[in-house]
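One structure below.
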Amino acid sequence: MFLEHKYSDGHWMGSWFASQTYFDGNFAEERFEDQTIRMIIHPHAFGSKIRLKFSNLYGSEPAVFGTVTAALAAKDGETVPGTSRQVALNGQFSIVIPAGEEVYSDPVDLQVNEHVDVAVSVYVPESRTSTWHFSPPRSTYVAEGNHADDSSADFFRKKIHSYYWLSGMEVLTQGEPLRVIVALGDSITEGSTSTPDANHRWPDIFFERLRLEHPSYPISVLNAGIVGNQILKKGPAVGLPIGGESVLSRLDRDLFSHSGVTDVIFLEGINDIGLGNATANQIIDGMRELAAQVHENGLRIFAATLPPFGGAPYYSNEKELIRQEVNRWILTNEVFDGIIDFNTALADPEHPEQLLPVYDFGDHLHPSDAGFKALADCIPLSLFIKSDLV
C-alpha cells in the first residue's frame, strides 16, 4: 500500500527529509531566545507549491515560532530578494507545535527547481531545544531578533549546524509521482563526513545521477540517515542520544509516512557491531524483520553490504568476522528485493577489511567525498528506472 497525500490539484511528493533525534547538549544549542534560525534545504523534487513539516516529538512543552518564512536560498545565509513567503499553520502565522507531535504547514506558493536550495527561517521568541537532526556538514545561520523575512545575511552572523524542529518538505506535483526512494541508514547515509554545504552525501549524488540521465522521470531520494543509528538499539542505550530511535522503532515515522514512497535503500549494521555488540544472528534477524515490515507496506527494499571499518576506533578482529558473516548473508539472502554491494565499492582490494585510502575520510570508518561518490555510482539505475528508459 503506497501512502498518498492528495490535494485538490495534485499529489504531495517528498522532496527533502531530516530524521529527528533526541536533543544532545554536547552538540546542539540548548536554548534559542529572541533569535532567528535560518536552515537550508536541498530539494530532490520540484514544483510551484510546497509544505513544510515540523517536529516536536521529544519536547515536553509546546514549541512556539513567532514567524516562519520560506525563500529561495542564495549564498552564506542570504536569500533571493522577493522570494520570501510567510508560512502558516491552520491559517495562523504564529506557529505552535504541541509537545510530542509533528505537523505539516499550510501550502506555500514558492517555485522550487533544481537550480536553487530553499531557506527556511524560524523566529523563536523563546524555546528550549528538544527535537533536532544532527548534521555536521550543513550550516545553519542564526540572527539576534526577528529577521525571518530579511534577504540579507548581515544579521545572520552566527553559524552553527544541523536542523532544529524542521523535519521535511514536500512539493505539489501534477499527475502521479513515479518514484520516491528513501535512503535508510546511519552516518554513512546521513553523509556526516562530506564537505560542508556541498551536498556530497551519497543520496544527493545518486539523485543527481538519476536526474541528469533521465530529467523527465519524476523521482526523489529522501535521506533518512541518522548519525550513530542502529537496527536494534536506540542511541541513549549506548550513551549516544543523537543516534536516535532504532531502525525498527522509526519505520512508521521515517519511512511509511512519506508521500509517494515506493522504495528503500538500506545500509545499517556496522554500529550494531561496533557500538551495540550485536551478534551476526541478531543483526540478520533484525534485517529480516525490517524487510517483512517494508513488504507488508507494499514497498521494495534493497539492502547494501556493510563497508569495511578496519582501523576504526571500535574495530576488532572478532567484529570483523561478524561483518563478514552479515555480508555473506546479505549477498545470498532471498529476503530483499535486490542487493547493492557497497562493501566492494569502498574496500581496498589488497586489504579488504579496510577502506581504500582515497575513499577514507580519515577515521577508517566514514567515506570521503570520493567514497560517497563511489557509493552513489555503484547503484544500478536499472533498479529504479523503467528498462525502456535506460
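Scheme for the C-alpha cells: letters A, B, ... for chains in order shown; per-chain residue numbers from 1; ligand numbers from 1 in order shown.
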Give me, as JSON, numbers by chain, all polymer residues having an atom no more than 9 Å from region 241-246 of chain A, counting only C-alpha atoms and skipping those fewer than 5 positions away in the same chain. {"A": [19, 20, 21, 22, 23, 24, 27, 132, 133, 134, 186, 226, 227, 228, 229, 230, 231, 232, 233, 234, 235, 236, 251]}
Put those residues in a file: C-alpha atoms, as a PDB file, in the first residue's frame.
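Result file is result.pdb:
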ATOM      1  CA  SER A  19      15.157  12.224  10.648  1.00  0.00           C
ATOM      2  CA  GLN A  20      14.580  13.674  14.100  1.00  0.00           C
ATOM      3  CA  THR A  21      16.527  12.632  17.179  1.00  0.00           C
ATOM      4  CA  TYR A  22      16.810  13.295  20.893  1.00  0.00           C
ATOM      5  CA  PHE A  23      18.383  16.569  21.956  1.00  0.00           C
ATOM      6  CA  ASP A  24      22.039  16.262  22.970  1.00  0.00           C
ATOM      7  CA  PHE A  27      26.275  19.001  20.080  1.00  0.00           C
ATOM      8  CA  TRP A 132      16.505  18.168  16.027  1.00  0.00           C
ATOM      9  CA  HIS A 133      18.578  16.468  13.337  1.00  0.00           C
ATOM     10  CA  PHE A 134      22.340  16.333  13.868  1.00  0.00           C
ATOM     11  CA  ASP A 186      23.312   5.707   9.733  1.00  0.00           C
ATOM     12  CA  ILE A 226      20.991   9.270  11.477  1.00  0.00           C
ATOM     13  CA  VAL A 227      24.499   9.509  12.910  1.00  0.00           C
ATOM     14  CA  GLY A 228      25.188   6.547  15.203  1.00  0.00           C
ATOM     15  CA  ASN A 229      21.934   4.795  14.324  1.00  0.00           C
ATOM     16  CA  GLN A 230      21.418   1.064  14.867  1.00  0.00           C
ATOM     17  CA  ILE A 231      18.965  -1.555  13.725  1.00  0.00           C
ATOM     18  CA  LEU A 232      18.348  -2.911  17.210  1.00  0.00           C
ATOM     19  CA  LYS A 233      19.193  -0.344  19.908  1.00  0.00           C
ATOM     20  CA  LYS A 234      18.284   3.322  20.311  1.00  0.00           C
ATOM     21  CA  GLY A 235      21.020   5.893  20.788  1.00  0.00           C
ATOM     22  CA  PRO A 236      20.583   6.595  24.516  1.00  0.00           C
ATOM     23  CA  LEU A 251       9.830   2.924  10.384  1.00  0.00           C
TER      24      LEU A 251
END
Run DSSP on the backbone and give me the residues of region 213-256 of chain A it puts in strand (DSSP E or B), as number ranges by chain. A: 219-225
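Ranking A:Arg328, A:Arg38, A:Arg85, A:Arg201 by their shortest atom-to-atom distance to Asn146 (chain A), with only C-alpha atoms included, puts A:Arg38 first.
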Residues near Pro62 (chain A), cut-off 12 Å, only C-alpha atoms, skip fewer than 3 positions along chain, as a PyMOL selection string: chain A and resi 54-59+65+95-102+124+126-131+165
Requested write-out: C-alpha atoms of the selected residues, as a PDB file, in the first residue's frame:
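File again.pdb, as written:
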ATOM      1  CA  PHE A  54       7.903  20.489  11.792  1.00  0.00           C
ATOM      2  CA  SER A  55       8.522  18.130  14.683  1.00  0.00           C
ATOM      3  CA  ASN A  56       8.362  18.475  18.454  1.00  0.00           C
ATOM      4  CA  LEU A  57       8.433  14.741  19.077  1.00  0.00           C
ATOM      5  CA  TYR A  58      10.820  14.914  22.013  1.00  0.00           C
ATOM      6  CA  GLY A  59       9.526  18.147  23.504  1.00  0.00           C
ATOM      7  CA  PHE A  65       7.554  30.085  16.424  1.00  0.00           C
ATOM      8  CA  ILE A  95       3.008  28.511  14.758  1.00  0.00           C
ATOM      9  CA  VAL A  96       2.651  26.329  17.838  1.00  0.00           C
ATOM     10  CA  ILE A  97       3.720  22.679  17.722  1.00  0.00           C
ATOM     11  CA  PRO A  98       2.340  20.682  20.650  1.00  0.00           C
ATOM     12  CA  ALA A  99       4.689  18.508  22.681  1.00  0.00           C
ATOM     13  CA  GLY A 100       5.163  15.076  21.136  1.00  0.00           C
ATOM     14  CA  GLU A 101       3.647  15.977  17.764  1.00  0.00           C
ATOM     15  CA  GLU A 102       4.632  16.598  14.145  1.00  0.00           C
ATOM     16  CA  VAL A 124      11.941  31.661  18.088  1.00  0.00           C
ATOM     17  CA  GLU A 126      11.998  31.522  23.489  1.00  0.00           C
ATOM     18  CA  SER A 127      12.256  27.763  23.393  1.00  0.00           C
ATOM     19  CA  ARG A 128      14.460  25.005  24.709  1.00  0.00           C
ATOM     20  CA  THR A 129      15.836  22.667  22.049  1.00  0.00           C
ATOM     21  CA  SER A 130      14.081  19.319  22.180  1.00  0.00           C
ATOM     22  CA  THR A 131      13.874  17.795  18.721  1.00  0.00           C
ATOM     23  CA  TRP A 165      12.424  21.195  14.598  1.00  0.00           C
TER      24      TRP A 165
END
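The space separating CA of Tyr359 (chain A) from CA of Leu346 (chain A) comes to 6.5 Å.
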For Phe32 (chain A), which of A:Gln282, A:Gly145, A:Trp16, A:Ser249 is the closest residue, counting only C-alpha atoms?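 For Phe32 (chain A), the nearest of the candidates is A:Gly145.
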